[in-house]
Each structure stands twice: as structure tokens, then as C-alpha cells.
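Student: Input file: run_19.cif. Contents: mmCIF, C-alpha atoms and all ligand atoms.
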```cif
data_data
#
loop_
_atom_site.label_atom_id
_atom_site.label_comp_id
_atom_site.auth_asym_id
_atom_site.auth_seq_id
_atom_site.Cartn_x
_atom_site.Cartn_y
_atom_site.Cartn_z
CA MET A 1 -2.79 -4.09 -42.86
CA ASP A 2 -3.18 -4.08 -46.66
CA TRP A 3 -0.96 -3.08 -49.55
CA MET A 4 -2.14 -2.66 -53.14
CA ILE A 5 0.51 -3.83 -55.57
CA GLN A 6 0.00 -3.02 -59.26
CA THR A 7 3.25 -4.14 -60.89
CA PRO A 8 6.36 -6.23 -60.22
CA GLU A 9 8.19 -2.94 -59.65
CA GLU A 10 5.81 -2.22 -56.79
CA THR A 11 6.50 -5.67 -55.39
CA GLY A 12 10.15 -4.58 -55.42
CA LEU A 13 9.36 -1.41 -53.48
CA PHE A 14 7.27 -3.39 -51.02
CA ALA A 15 10.14 -5.86 -50.54
CA LYS A 16 12.55 -3.02 -49.87
CA LYS A 17 10.37 -1.58 -47.14
CA LEU A 18 9.54 -4.97 -45.62
CA ALA A 19 13.20 -6.00 -45.61
CA SER A 20 14.12 -2.85 -43.71
CA PHE A 21 11.93 -4.03 -40.83
CA LEU A 22 12.96 -7.70 -40.89
CA LYS A 23 15.61 -9.09 -38.61
CA ARG A 24 17.66 -12.19 -38.02
CA GLY A 25 15.42 -15.10 -37.11
CA ASP A 26 12.35 -13.95 -39.01
CA VAL A 27 10.38 -16.59 -40.87
CA ILE A 28 7.99 -15.25 -43.51
CA SER A 29 5.20 -17.43 -44.82
CA LEU A 30 3.78 -16.38 -48.20
CA ILE A 31 0.23 -17.61 -48.63
CA GLY A 32 -1.59 -17.44 -51.92
CA ASP A 33 -2.43 -19.25 -55.12
CA LEU A 34 -0.05 -20.26 -57.87
CA GLY A 35 0.91 -17.26 -59.95
CA VAL A 36 0.04 -14.65 -57.35
CA GLY A 37 3.66 -13.51 -57.02
CA LYS A 38 5.22 -15.36 -54.06
CA THR A 39 8.45 -16.27 -55.82
CA THR A 40 8.70 -12.79 -57.31
CA LEU A 41 8.47 -11.24 -53.85
CA THR A 42 11.05 -13.75 -52.55
CA GLN A 43 13.45 -12.75 -55.32
CA PHE A 44 13.16 -9.08 -54.39
CA LEU A 45 13.60 -9.86 -50.70
CA ALA A 46 16.70 -11.93 -51.42
CA LYS A 47 18.17 -9.01 -53.32
CA GLU A 48 17.54 -6.72 -50.34
CA PHE A 49 19.53 -9.12 -48.18
CA GLY A 50 22.45 -9.01 -50.56
CA VAL A 51 21.90 -12.30 -52.35
CA THR A 52 23.51 -11.94 -55.78
CA GLU A 53 22.68 -15.42 -57.07
CA GLN A 54 19.48 -15.72 -59.09
CA VAL A 55 16.73 -17.05 -56.83
CA THR A 56 14.47 -19.47 -58.67
CA SER A 57 11.57 -21.55 -57.56
CA PRO A 58 12.95 -24.66 -55.88
CA THR A 59 11.39 -27.25 -58.16
CA PHE A 60 13.51 -30.31 -57.53
CA GLN A 61 14.52 -29.40 -54.02
CA LEU A 62 12.25 -28.20 -51.26
CA VAL A 63 14.79 -25.64 -50.16
CA TYR A 64 17.62 -23.48 -51.41
CA SER A 65 19.86 -21.56 -49.06
CA TYR A 66 21.77 -18.48 -50.13
CA GLU A 67 24.54 -16.46 -48.56
CA GLY A 68 23.75 -12.78 -48.60
CA ASN A 69 24.43 -10.31 -45.80
CA LEU A 70 22.74 -13.04 -43.76
CA PRO A 71 21.82 -16.64 -44.52
CA PHE A 72 18.68 -16.52 -46.68
CA HIS A 73 16.60 -19.69 -46.99
CA HIS A 74 13.85 -20.16 -49.54
CA LEU A 75 11.46 -23.09 -49.18
CA ASP A 76 8.73 -24.08 -51.57
CA LEU A 77 6.70 -26.89 -50.03
CA TYR A 78 4.20 -27.18 -52.89
CA ARG A 79 5.33 -30.71 -53.62
CA LEU A 80 5.15 -31.91 -50.05
CA GLU A 81 2.75 -34.83 -49.88
CA SER A 82 2.61 -35.08 -46.11
CA PRO A 83 3.87 -32.77 -43.34
CA GLU A 84 6.23 -35.51 -42.04
CA GLU A 85 8.36 -35.11 -45.15
CA VAL A 86 9.85 -31.94 -43.71
CA GLU A 87 11.60 -34.12 -41.12
CA ALA A 88 14.14 -34.86 -43.84
CA LEU A 89 15.13 -31.18 -43.76
CA ASP A 90 17.26 -29.34 -41.24
CA ILE A 91 14.23 -27.92 -39.46
CA ASP A 92 16.25 -26.20 -36.72
CA MET A 93 18.26 -24.26 -39.24
CA LEU A 94 15.33 -23.43 -41.52
CA PHE A 95 12.54 -22.70 -39.05
CA TYR A 96 14.74 -20.99 -36.42
CA PRO A 97 17.18 -19.34 -38.80
CA ASP A 98 20.32 -17.42 -38.08
CA GLY A 99 19.08 -15.23 -40.90
CA ILE A 100 15.85 -15.05 -42.84
CA THR A 101 13.56 -17.82 -44.09
CA VAL A 102 10.85 -17.35 -46.69
CA ILE A 103 8.40 -20.22 -47.18
CA GLU A 104 5.94 -20.75 -50.02
CA TRP A 105 3.15 -23.24 -49.24
CA ALA A 106 4.14 -23.40 -45.56
CA GLU A 107 0.64 -24.69 -44.77
CA LYS A 108 1.75 -28.07 -46.18
CA ALA A 109 4.13 -28.47 -43.23
CA ASP A 110 1.37 -27.93 -40.73
CA GLY A 111 2.42 -29.05 -37.26
CA TYR A 112 6.13 -28.51 -37.88
CA LEU A 113 6.00 -24.78 -38.41
CA PRO A 114 7.54 -22.27 -36.03
CA ARG A 115 5.07 -20.50 -33.79
CA HIS A 116 5.74 -16.90 -34.67
CA MET A 117 5.97 -16.68 -38.41
CA ILE A 118 5.08 -13.52 -40.26
CA GLU A 119 2.17 -14.60 -42.43
CA LEU A 120 1.72 -12.55 -45.56
CA TYR A 121 -1.40 -13.26 -47.60
CA LEU A 122 -1.24 -12.51 -51.33
CA GLU A 123 -4.31 -12.21 -53.50
CA ARG A 124 -4.99 -11.20 -57.04
CA THR A 125 -8.13 -9.24 -57.89
CA GLU A 126 -10.02 -9.52 -61.17
CA ASN A 127 -8.33 -6.27 -62.32
CA ASP A 128 -4.94 -7.96 -61.86
CA VAL A 129 -4.11 -5.87 -58.83
CA ARG A 130 -2.32 -7.75 -56.06
CA VAL A 131 -3.39 -7.25 -52.48
CA PHE A 132 -0.86 -8.17 -49.80
CA HIS A 133 -2.21 -8.49 -46.28
CA ILE A 134 -0.85 -9.09 -42.78
CA TYR A 135 -3.44 -9.82 -40.09
CA GLY A 136 -1.37 -9.05 -37.00
CA ASN A 137 -2.20 -12.35 -35.33
CA ASN A 138 0.99 -12.61 -33.28
CA PRO A 139 3.36 -10.19 -31.51
CA ARG A 140 5.92 -10.17 -34.31
CA GLU A 141 3.28 -9.30 -36.92
CA GLN A 142 1.88 -6.58 -34.66
CA GLN A 143 5.35 -5.11 -34.19
CA LEU A 144 5.90 -5.10 -37.93
CA ILE A 145 2.58 -3.39 -38.61
CA GLY A 146 3.44 -0.80 -35.95
CA GLU A 147 6.76 -0.08 -37.64
CA TYR A 148 5.02 0.27 -41.00
CA ARG A 149 2.51 2.74 -39.58
CA GLU A 150 5.25 4.84 -37.99
CA ASN A 151 7.23 4.93 -41.20
CA SER A 152 4.60 5.72 -43.81
P1 LIG B 201 3.98 -17.74 -57.41
O1 LIG B 201 5.36 -17.98 -56.84
O2 LIG B 201 3.03 -17.19 -56.38
O3 LIG B 201 3.42 -18.94 -58.09
P2 LIG B 201 5.35 -15.99 -59.28
O4 LIG B 201 6.12 -15.08 -58.41
O5 LIG B 201 6.09 -17.11 -59.92
O6 LIG B 201 4.09 -16.58 -58.51
O7 LIG B 201 4.65 -15.06 -60.37
C1 LIG B 201 3.83 -15.55 -61.39
C2 LIG B 201 3.74 -14.54 -62.50
O8 LIG B 201 3.16 -13.33 -62.06
C3 LIG B 201 5.12 -14.16 -63.07
O9 LIG B 201 5.00 -14.11 -64.48
C4 LIG B 201 5.38 -12.79 -62.51
O10 LIG B 201 6.16 -12.00 -63.37
C5 LIG B 201 3.98 -12.22 -62.37
N1 LIG B 201 3.92 -11.25 -61.26
C6 LIG B 201 4.44 -11.42 -60.03
N2 LIG B 201 4.22 -10.35 -59.24
C7 LIG B 201 3.54 -9.46 -60.00
C8 LIG B 201 3.01 -8.14 -59.76
N3 LIG B 201 3.16 -7.52 -58.59
N4 LIG B 201 2.35 -7.54 -60.78
C9 LIG B 201 2.21 -8.16 -61.97
N5 LIG B 201 2.68 -9.39 -62.25
C10 LIG B 201 3.34 -10.03 -61.30
MG MG B 202 6.41 -19.82 -56.53
#
```
Could you spell out this file's structure in C-alpha cells?
Ligand code: ADP
Ligand code: MG
Tutor:
Amino acid sequence: MDWMIQTPEETGLFAKKLASFLKRGDVISLIGDLGVGKTTLTQFLAKEFGVTEQVTSPTFQLVYSYEGNLPFHHLDLYRLESPEEVEALDIDMLFYPDGITVIEWAEKADGYLPRHMIELYLERTENDVRVFHIYGNNPREQQLIGEYRENS
């Protein structure tokens, strides 16, 4: 399923809708190049889950956890040099959360990742339109796509 996103405001609307279908334990992997809008989407999602603190890109830390209506974890693994480095993190808490986890550059932790993440691909076209895409490769993604279809 595809979504065309023209502005940050539309990212906000997308986040609102997506958040309404997310539930405790969901791990969302945001896949796309630098500057495509992963952190922006994470910020809007955090807001939807009642996080009032400003969510920034975790530059010096791989992860920041926030208390909203649920625990909200934000990982940015861009600086990971090898997958084993995630062993230093509380993987149980982050990858099997009692809340929501959003991961940028999850692919860098290959081998340690939870099996049923929601993978959201973000791309930017030459006209500066963003295309967000979910393939529906696992049951959780298929369920989410089904809920989107029923509610749009
Ligand atoms: P990433 O985390 O993928 O590197 P960011 O979320 O930091 O990307 O966004 C990079 C830049 O793109 C920011 O200046 C942001 O304001 C802008 N941006 C993000 N989403 C959109 C959007 N939907 N439309 C236009 N610009 C956007
Ligand atoms: Mg980012």
C-alpha cells in the first residue's frame, strides 16, 4: 500500500492515522535515505502517543525512550558499525516493547531484529513528493493494511 505525502503537515496526518491502528508491542522500522523524513514521522508519532518532550534524532545515543501514554522508544542505528553493537542495548525492552518502538536504520542491526516488525519504506521523488509504502510481508503488516482499507 502506498501513500503520497506532499508536506510535513501530511506526514502529521499520516502519523495520526497510523498511530490509531498501532498497538502495544508494535515495532516500526523506517527505511529510507537520509533526509527522507524518518525522524519527522517519528516526531509526529511520538506526539500521537502523548509524548510531550521534543523528540530529536538520537545522535550521541542509539536510543531515547520517552514516557507518553505508553513507553515510546526511538532508535537511530545509523552509527552502528556492526550488528553486535546492539547487544549493549536492552534488546528485550526495545525489540519486544511494552509500548511502541520506532527504529531508523534498523537494517544495521540485521540478525537481532524482531521477526514481525512493521516495515515502512520512505522515498522521495524528483518532484519532492514523499512516497510511503508498506509491502504487507508479514501478518501484522497485512492486518494494518486491512485496517487502512476499511477506514479510508
Ligand atoms: P531523516 O530522519 O529521514 O534523515 P528528517 O525527518 O530529519 O529525515 O527530515 C529531513 C528534512 O526533510 C527536514 O528538514 C524535514 O523538515 C524535511 N521533511 C520531512 N518530511 C517532509 C515532508 N513530508 N515534506 C517535506 N519536507 C519534509
Ligand atoms: Mg533521522
Student: List the neighbours of stretch 82-93 of chain A out to 7 Å using only C-alpha atoms; skip same-chain residues closer than 3 positions along the sequence, and give me the result as a list in words.
Tutor: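 Everything that qualifies: Tyr96, Pro97, Lys108, Ala109 and Asp110 of chain A.
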Student: Pick out the residues no farther than 8 Å from ligand MG 202 (chain B), counting all atoms listed in the file, and list them as an NGL selection string.
Tutor: :A and (34-35 or 37-40 or 57 or 76 or 104)
Student: Check which residues fall inside 10 Å of ligand LIG 201 (chain B) when counting all atoms listed in the file, and print them as JSON, numbers by chain.
Tutor: {"A": [4, 5, 6, 7, 8, 9, 10, 11, 12, 14, 30, 31, 32, 33, 34, 35, 36, 37, 38, 39, 40, 41, 42, 43, 56, 57, 76, 78, 104, 105, 122, 123, 124, 128, 129, 130, 131, 132]}
Student: Let me make sure I understand: among A:Leu22, A:Leu94, A:Leu75, A:Val63, which one has the smallest atom-to-atom distance to A:Pro114 if we use only C-alpha atoms?
Tutor: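 For A:Pro114, the nearest of the given residues is A:Leu94.
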Student: Mind checking which residues fall within 9 Å of A:Leu113, counting only C-alpha atoms, ignoring those fewer than 6 positions away in the same chain, and posting them as a list of chain:residue names?
Tutor: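 Once the nearby chain positions are removed, what remains is A:Ile91, A:Phe95, A:Ala106, A:Glu107.
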Student: What does the distance between atom CA of A:Phe44 and atom CA of A:Ile100 come to in Å, to one decimal place?
Tutor: 13.3 Å
Student: One decimal, in Å: what's the spacing between atom CA of A:Glu147 and atom CA of A:Leu70?
Tutor: 21.5 Å
Student: Hey, can you check how far atom CA of A:Ala15 sits from atom CA of A:Gly68?
Tutor: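 These atoms are spaced 15.4 Å apart.
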Student: So that I can check the surroundings of A:Phe21, please list as a PDB file with C-alpha atoms, keeping the file's coordinate frame every protein, DNA and RNA residue that reaches within 12 Å of it, counting all atoms listed in the file and ignoring chain neighbours fewer than 6 positions away.
Tutor:
```pdb
ATOM      1  CA  PHE A  14       7.270  -3.390 -51.020  1.00  0.00           C
ATOM      2  CA  ALA A  15      10.140  -5.860 -50.540  1.00  0.00           C
ATOM      3  CA  LEU A  45      13.600  -9.860 -50.700  1.00  0.00           C
ATOM      4  CA  GLU A  48      17.540  -6.720 -50.340  1.00  0.00           C
ATOM      5  CA  PHE A  49      19.530  -9.120 -48.180  1.00  0.00           C
ATOM      6  CA  ILE A 100      15.850 -15.050 -42.840  1.00  0.00           C
ATOM      7  CA  ILE A 118       5.080 -13.520 -40.260  1.00  0.00           C
ATOM      8  CA  ARG A 140       5.920 -10.170 -34.310  1.00  0.00           C
ATOM      9  CA  GLU A 141       3.280  -9.300 -36.920  1.00  0.00           C
ATOM     10  CA  GLN A 143       5.350  -5.110 -34.190  1.00  0.00           C
ATOM     11  CA  LEU A 144       5.900  -5.100 -37.930  1.00  0.00           C
ATOM     12  CA  ILE A 145       2.580  -3.390 -38.610  1.00  0.00           C
ATOM     13  CA  GLY A 146       3.440  -0.800 -35.950  1.00  0.00           C
ATOM     14  CA  GLU A 147       6.760  -0.080 -37.640  1.00  0.00           C
ATOM     15  CA  TYR A 148       5.020   0.270 -41.000  1.00  0.00           C
ATOM     16  CA  ARG A 149       2.510   2.740 -39.580  1.00  0.00           C
ATOM     17  CA  GLU A 150       5.250   4.840 -37.990  1.00  0.00           C
ATOM     18  CA  ASN A 151       7.230   4.930 -41.200  1.00  0.00           C
TER      19      ASN A 151
END
```
Student: Rank A:His133, A:Glu81, A:Lys23, A:Glu67 by their smallest atom-to-atom distance to A:Gln54, using all atoms listed in the file, and report the top residue only.
Tutor: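 Selected residue with least distance to A:Gln54: A:Glu67.
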Student: Place a sphere of radius 7 Å on (19.9, -15.5, -53.3) in the file coordinates and name every protein, DNA or RNA residue with an atom inside or on its surface, counting all atoms listed in the file; give the answer as a list of chain:residue names.
Tutor: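 Final list of nearby residues, as requested, is A:Ala46, A:Lys47, A:Val51, A:Thr52, A:Glu53, A:Gln54, A:Val55, A:Tyr66, A:Glu67, A:Gly68, A:Phe72.
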Student: Which is closer to A:Ile134 than all the others in A:Thr101, A:Ser65, A:Met1, A:Gly25, using all atoms listed in the file?
Tutor: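 Closest to A:Ile134, using all atoms listed in the file: A:Met1.
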Student: When you count only C-alpha atoms, which of these residues is closest to A:Lys17: A:Pro71, A:His116, A:Trp3, A:Tyr64?
Tutor: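 Checking each of A:Pro71, A:His116, A:Trp3, A:Tyr64 against A:Lys17, counting only C-alpha atoms, the winner is A:Trp3.
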Student: Just need stretch 92-105 of chain A in a file, please: N, CA and C atoms, as a short mmCIF file (atom, residue, chain, number, x, y, z; two decimals), in the first residue's frame.
Tutor:
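Saved result, decode-v1.cif, follows:
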```cif
data_model
loop_
_atom_site.label_atom_id
_atom_site.label_comp_id
_atom_site.auth_asym_id
_atom_site.auth_seq_id
_atom_site.Cartn_x
_atom_site.Cartn_y
_atom_site.Cartn_z
N ASP A 92 15.53 -6.79 24.82
CA ASP A 92 14.19 -7.28 25.19
C ASP A 92 13.20 -6.14 25.31
N MET A 93 13.63 -5.09 25.96
CA MET A 93 12.73 -3.96 26.18
C MET A 93 12.45 -3.22 24.86
N LEU A 94 13.48 -3.10 24.02
CA LEU A 94 13.34 -2.26 22.83
C LEU A 94 12.69 -2.99 21.65
N PHE A 95 13.02 -4.27 21.51
CA PHE A 95 12.52 -5.01 20.34
C PHE A 95 11.23 -5.76 20.64
N TYR A 96 10.90 -5.91 21.93
CA TYR A 96 9.63 -6.54 22.33
C TYR A 96 8.99 -5.62 23.35
N PRO A 97 8.62 -4.40 22.89
CA PRO A 97 8.30 -3.33 23.84
C PRO A 97 6.93 -3.48 24.50
N ASP A 98 6.86 -2.92 25.68
CA ASP A 98 5.59 -2.79 26.37
C ASP A 98 4.99 -1.45 25.95
N GLY A 99 5.17 -1.13 24.69
CA GLY A 99 4.74 0.15 24.17
C GLY A 99 5.01 0.12 22.68
N ILE A 100 5.64 1.17 22.20
CA ILE A 100 5.90 1.29 20.77
C ILE A 100 7.40 1.54 20.58
N THR A 101 7.97 0.93 19.56
CA THR A 101 9.36 1.22 19.19
C THR A 101 9.43 1.64 17.73
N VAL A 102 10.11 2.74 17.48
CA VAL A 102 10.35 3.18 16.10
C VAL A 102 11.86 3.14 15.87
N ILE A 103 12.27 2.50 14.78
CA ILE A 103 13.70 2.34 14.51
C ILE A 103 14.07 2.94 13.16
N GLU A 104 15.03 3.85 13.16
CA GLU A 104 15.63 4.31 11.91
C GLU A 104 16.89 3.48 11.68
N TRP A 105 17.15 3.10 10.47
CA TRP A 105 18.32 2.30 10.09
C TRP A 105 18.36 0.95 10.81
#
```
